[in-house]
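Visitor: After the structure tokens below, expect a handful of questions from me.
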Amino acid sequence: MAGLPGGAAAAAAGSGGGPVRRVRLLLAGVLLAAASGCGLTSGSPMVDDVEPGSIGKGKPLEGAELTVTSKQFTEQLILGAIMGIAFQAAGAQVVDRTGIQGSVGSREAVVNGDADAGFEYTGTAWITYQGNSTPIPDAREQWKAVRDADVRNGVVWLEPSELNNTYALAMNRANHEKYRTRTLSEVAELAKSDPGAVTLCVEGEFANRADGLPGMEKAYGMDIPARDVTQMDTGIIYTQTAKGACTYGEVFTTDGRIKSMNLVVMEDDKKFFPNYNAAPTVNSDTFEEWPAIAEVLAPVTARLDNTVARDLNAKVDVDGEDPHQVALDWMVAEGFVKEG
């Protein structure tokens, strides 16, 4: 979620990858130096040797020069790579501007045309960008509302995926056996009956977002003292929660580390957290020029769900693989593209 809901530390995304990763970083460094002062317009070319598989036949994006963006955390890096690989297979030249810190930066890149497209989350757009306080419980209706509202911002929302990366709180098995909480309502009751028992490890973004900790506390009647809330990078949250350094850690429902670290996720029984379905967003001017973007991405987006996301995310955050390579391997395995 996160951003979406927040996300995994950049360090996790940089682990592994071998020669391909090193070449990409070298290209990024050269181009960044050449484009100093250009902000979001800098980036490195995606140079995957891919051809159409089940998508991109006829190369409908031949001649397009498209910049793909994403946020900084693992899932977004993978989704950004997936999008860029799809565009390349369809004939486009692609510039990689993935890994922008925070949610607002990648969003604004699409809005102002510094980037052409990126995967975004419906809940993040509805609450954080469009300023609403109450999520729409039905996922499809939430997407429609976001899509319609963003027309005035020059952003086109394509069909959403089943991937719903929403916020959650989780605890390790030992703390679960001790406190026996299963829902956020029970966490709120524990915070009242035994205030010192409820300590939180959260990201800075979650600690301050309306759809994060402040809103959750309000919805569930919690009042957790600031001394019991520790802010840290996402990757550290998982390890500290697994160790029991904090009773509850902020997690994301598509994160592969939930299973690998044997964490217990608390049910959002009041349905506070919005639906965070991932969907491609495209600058409206870009989409007007290249409407085939929709047909290229539709089959890929339709395949994305929480199971796929957890598996792909785990390859990076648990196994240490490079997110771009994980994306490429999946695109090839699914038959969406063929390696040249």
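Numbering starts fresh at 1 for the residues of each chain in the structure tokens, the chains themselves are lettered A, B, ... in the order given, and ligands are numbered from 1 as they appear.
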Which neighbours of stretch 162-168 of chain A fall inside 6 Å, counting only C-alpha atoms, when residues of the same chain fewer than 5 positions from it are skipped, and could you give them as a PyMOL selection string?

Guide: chain A and resi 1+250-254+276-278+304-306

Visitor: For the structure I just gave you, how does DSSP split stretch 29-170 of chain A - specifically, which residues are alpha helix (DSSP H)? Reply as a PyMOL selection string.

Guide: chain A and resi 29-34+74-89+103-112+122-124+139-149

Visitor: Could you dump the residues just selected with N, CA and C atoms as a tab-separated table (two decimals), in the first residue's frame?

Guide:
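Result file result35.tsv:
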chain	number	residue	atom	x	y	z
A	29	GLY	N	23.63	5.72	-14.16
A	29	GLY	CA	24.57	6.72	-13.67
A	29	GLY	C	25.03	7.66	-14.76
A	30	VAL	N	25.33	7.11	-15.95
A	30	VAL	CA	25.78	7.94	-17.07
A	30	VAL	C	24.71	8.93	-17.48
A	31	LEU	N	23.48	8.42	-17.62
A	31	LEU	CA	22.41	9.30	-18.08
A	31	LEU	C	22.02	10.31	-17.01
A	32	LEU	N	22.08	9.90	-15.75
A	32	LEU	CA	21.74	10.83	-14.68
A	32	LEU	C	22.74	11.98	-14.65
A	33	ALA	N	24.02	11.67	-14.86
A	33	ALA	CA	25.04	12.72	-14.89
A	33	ALA	C	24.80	13.67	-16.05
A	34	ALA	N	24.40	13.11	-17.20
A	34	ALA	CA	24.17	13.93	-18.38
A	34	ALA	C	22.93	14.80	-18.23
A	74	THR	N	9.56	-2.68	-3.59
A	74	THR	CA	9.76	-3.86	-4.42
A	74	THR	C	8.64	-4.10	-5.42
A	75	GLU	N	7.41	-4.17	-4.94
A	75	GLU	CA	6.29	-4.48	-5.84
A	75	GLU	C	6.19	-3.47	-6.98
A	76	GLN	N	6.39	-2.19	-6.66
A	76	GLN	CA	6.33	-1.17	-7.70
A	76	GLN	C	7.48	-1.29	-8.69
A	77	LEU	N	8.66	-1.64	-8.21
A	77	LEU	CA	9.77	-1.84	-9.12
A	77	LEU	C	9.48	-2.98	-10.09
A	78	ILE	N	8.87	-4.05	-9.58
A	78	ILE	CA	8.51	-5.17	-10.43
A	78	ILE	C	7.43	-4.77	-11.43
A	79	LEU	N	6.39	-4.08	-10.95
A	79	LEU	CA	5.31	-3.67	-11.85
A	79	LEU	C	5.80	-2.69	-12.91
A	80	GLY	N	6.69	-1.77	-12.53
A	80	GLY	CA	7.25	-0.86	-13.51
A	80	GLY	C	8.04	-1.59	-14.58
A	81	ALA	N	8.80	-2.59	-14.15
A	81	ALA	CA	9.56	-3.39	-15.12
A	81	ALA	C	8.63	-4.18	-16.03
A	82	ILE	N	7.59	-4.75	-15.46
A	82	ILE	CA	6.60	-5.49	-16.26
A	82	ILE	C	6.02	-4.60	-17.35
A	83	MET	N	5.65	-3.39	-16.96
A	83	MET	CA	5.07	-2.45	-17.93
A	83	MET	C	6.08	-2.11	-19.02
A	84	GLY	N	7.31	-1.81	-18.62
A	84	GLY	CA	8.33	-1.45	-19.60
A	84	GLY	C	8.65	-2.59	-20.54
A	85	ILE	N	8.69	-3.79	-20.03
A	85	ILE	CA	8.97	-4.97	-20.88
A	85	ILE	C	7.83	-5.17	-21.88
A	86	ALA	N	6.59	-4.98	-21.43
A	86	ALA	CA	5.45	-5.10	-22.33
A	86	ALA	C	5.53	-4.07	-23.46
A	87	PHE	N	5.89	-2.83	-23.11
A	87	PHE	CA	6.00	-1.78	-24.11
A	87	PHE	C	7.11	-2.10	-25.12
A	88	GLN	N	8.23	-2.61	-24.63
A	88	GLN	CA	9.33	-2.96	-25.53
A	88	GLN	C	8.92	-4.05	-26.51
A	89	ALA	N	8.22	-5.07	-26.01
A	89	ALA	CA	7.78	-6.15	-26.89
A	89	ALA	C	6.84	-5.64	-27.97
A	103	SER	N	5.08	8.33	-2.81
A	103	SER	CA	3.99	8.13	-3.76
A	103	SER	C	3.79	9.32	-4.69
A	104	VAL	N	3.95	10.52	-4.14
A	104	VAL	CA	3.60	11.72	-4.90
A	104	VAL	C	4.51	11.93	-6.10
A	105	GLY	N	5.79	11.60	-5.97
A	105	GLY	CA	6.72	11.84	-7.07
A	105	GLY	C	6.38	11.10	-8.33
A	106	SER	N	6.11	9.80	-8.23
A	106	SER	CA	5.77	9.03	-9.42
A	106	SER	C	4.42	9.44	-9.98
A	107	ARG	N	3.50	9.76	-9.10
A	107	ARG	CA	2.18	10.24	-9.54
A	107	ARG	C	2.32	11.53	-10.35
A	108	GLU	N	3.06	12.50	-9.80
A	108	GLU	CA	3.20	13.79	-10.48
A	108	GLU	C	3.94	13.65	-11.79
A	109	ALA	N	4.83	12.67	-11.88
A	109	ALA	CA	5.53	12.46	-13.14
A	109	ALA	C	4.55	12.10	-14.25
A	110	VAL	N	3.56	11.29	-13.95
A	110	VAL	CA	2.54	10.94	-14.95
A	110	VAL	C	1.63	12.12	-15.22
A	111	VAL	N	1.25	12.84	-14.18
A	111	VAL	CA	0.35	13.99	-14.36
A	111	VAL	C	0.99	15.06	-15.25
A	112	ASN	N	2.26	15.39	-14.98
A	112	ASN	CA	2.86	16.51	-15.71
A	112	ASN	C	3.59	16.10	-16.99
A	122	THR	N	-5.63	2.16	-6.52
A	122	THR	CA	-6.88	2.92	-6.45
A	122	THR	C	-7.05	3.63	-5.12
A	123	GLY	N	-6.74	2.94	-4.01
A	123	GLY	CA	-6.91	3.56	-2.70
A	123	GLY	C	-6.01	4.75	-2.49
A	124	THR	N	-4.78	4.66	-2.97
A	124	THR	CA	-3.85	5.77	-2.84
A	124	THR	C	-4.35	6.98	-3.60
A	139	ALA	N	-14.59	-2.79	-4.82
A	139	ALA	CA	-13.33	-2.52	-5.52
A	139	ALA	C	-13.56	-1.93	-6.91
A	140	ARG	N	-14.54	-2.46	-7.64
A	140	ARG	CA	-14.81	-1.97	-8.98
A	140	ARG	C	-15.33	-0.53	-8.96
A	141	GLU	N	-16.22	-0.25	-8.01
A	141	GLU	CA	-16.76	1.10	-7.91
A	141	GLU	C	-15.68	2.08	-7.46
A	142	GLN	N	-14.76	1.60	-6.61
A	142	GLN	CA	-13.64	2.46	-6.21
A	142	GLN	C	-12.79	2.84	-7.42
A	143	TRP	N	-12.50	1.85	-8.27
A	143	TRP	CA	-11.71	2.12	-9.48
A	143	TRP	C	-12.44	3.10	-10.40
A	144	LYS	N	-13.73	2.89	-10.59
A	144	LYS	CA	-14.51	3.79	-11.46
A	144	LYS	C	-14.48	5.22	-10.95
A	145	ALA	N	-14.62	5.37	-9.63
A	145	ALA	CA	-14.64	6.71	-9.05
A	145	ALA	C	-13.30	7.41	-9.24
A	146	VAL	N	-12.22	6.65	-9.05
A	146	VAL	CA	-10.88	7.20	-9.25
A	146	VAL	C	-10.66	7.56	-10.71
A	147	ARG	N	-11.04	6.64	-11.59
A	147	ARG	CA	-10.90	6.88	-13.04
A	147	ARG	C	-11.62	8.15	-13.46
A	148	ASP	N	-12.86	8.30	-13.04
A	148	ASP	CA	-13.66	9.45	-13.46
A	148	ASP	C	-13.11	10.76	-12.89
A	149	ALA	N	-12.65	10.72	-11.63
A	149	ALA	CA	-12.14	11.93	-11.00
A	149	ALA	C	-10.83	12.38	-11.62

Visitor: Rounded to one decimal, what separation in Å do you get between atom CA of A:Lys71 and atom CA of A:Tyr248?

Guide: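 Result for atom CA of A:Lys71 versus atom CA of A:Tyr248: 24.6 Å, one decimal.
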
Visitor: Could you pull out the strand (DSSP E or B) residues of stretch 71-293 of chain A, going by DSSP on the backbone, and write them as number ranges by chain?

Guide: A: 71, 93-100, 117-121, 155-157, 164, 167-171, 183, 200-202, 229-231, 248-252, 264-265, 267, 277-283

Visitor: Name the closest residue to A:Glu295 among the candidates A:Leu158, A:Leu66, A:Val326, A:Ile127; distances are taken between atoms, counting only C-alpha atoms.

Guide: A:Leu158

Visitor: Which is closest to A:Val337 among A:Val229, A:Leu190, A:Val296, A:Leu312, if we use only C-alpha atoms?

Guide: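 Using only C-alpha atoms, the shortest distance to A:Val337 belongs to A:Val296.
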
Visitor: For A:Met331, which of A:Ala314, A:Ala92, A:Cys246, A:Val300 is the closest residue, counting only C-alpha atoms?

Guide: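 Of A:Ala314, A:Ala92, A:Cys246, A:Val300, the one nearest A:Met331, counting only C-alpha atoms, is A:Val300.
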
Visitor: Report, in Å to a single decimal, how far apart atom CA of A:Gln72 and atom CA of A:Ala309 are.

Guide: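 Computing it gives 15.8 Å between the two atoms.
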
Visitor: Measuring between only C-alpha atoms, which one of A:Ser54, A:Ser260, A:Gln231, A:Thr199 shows the shortest distance to A:Lys315?

Guide: A:Ser260

Visitor: Please determine, counting only C-alpha atoms, which residue among A:Ala294, A:Ala64, A:Leu169, A:Ala210 has the shortest atom-to-atom distance to A:Val282.

Guide: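 Ranked by minimum distance to A:Val282, first place goes to A:Ala294.
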
Visitor: Taking into account only C-alpha atoms, which residue in the set A:Glu339, A:Arg227, A:Asn262, A:Trp290 is nearest to A:Glu62?

Guide: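 Going through A:Glu339, A:Arg227, A:Asn262, A:Trp290 one by one, the smallest distance to A:Glu62 is for A:Trp290.
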
Visitor: One decimal, Å: what's the distance from atom CA of A:Lys192 over to atom CA of A:Met171, could you say?

Guide: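 Atom-to-atom, atom CA of A:Lys192 and atom CA of A:Met171 are spaced 18.1 Å apart.
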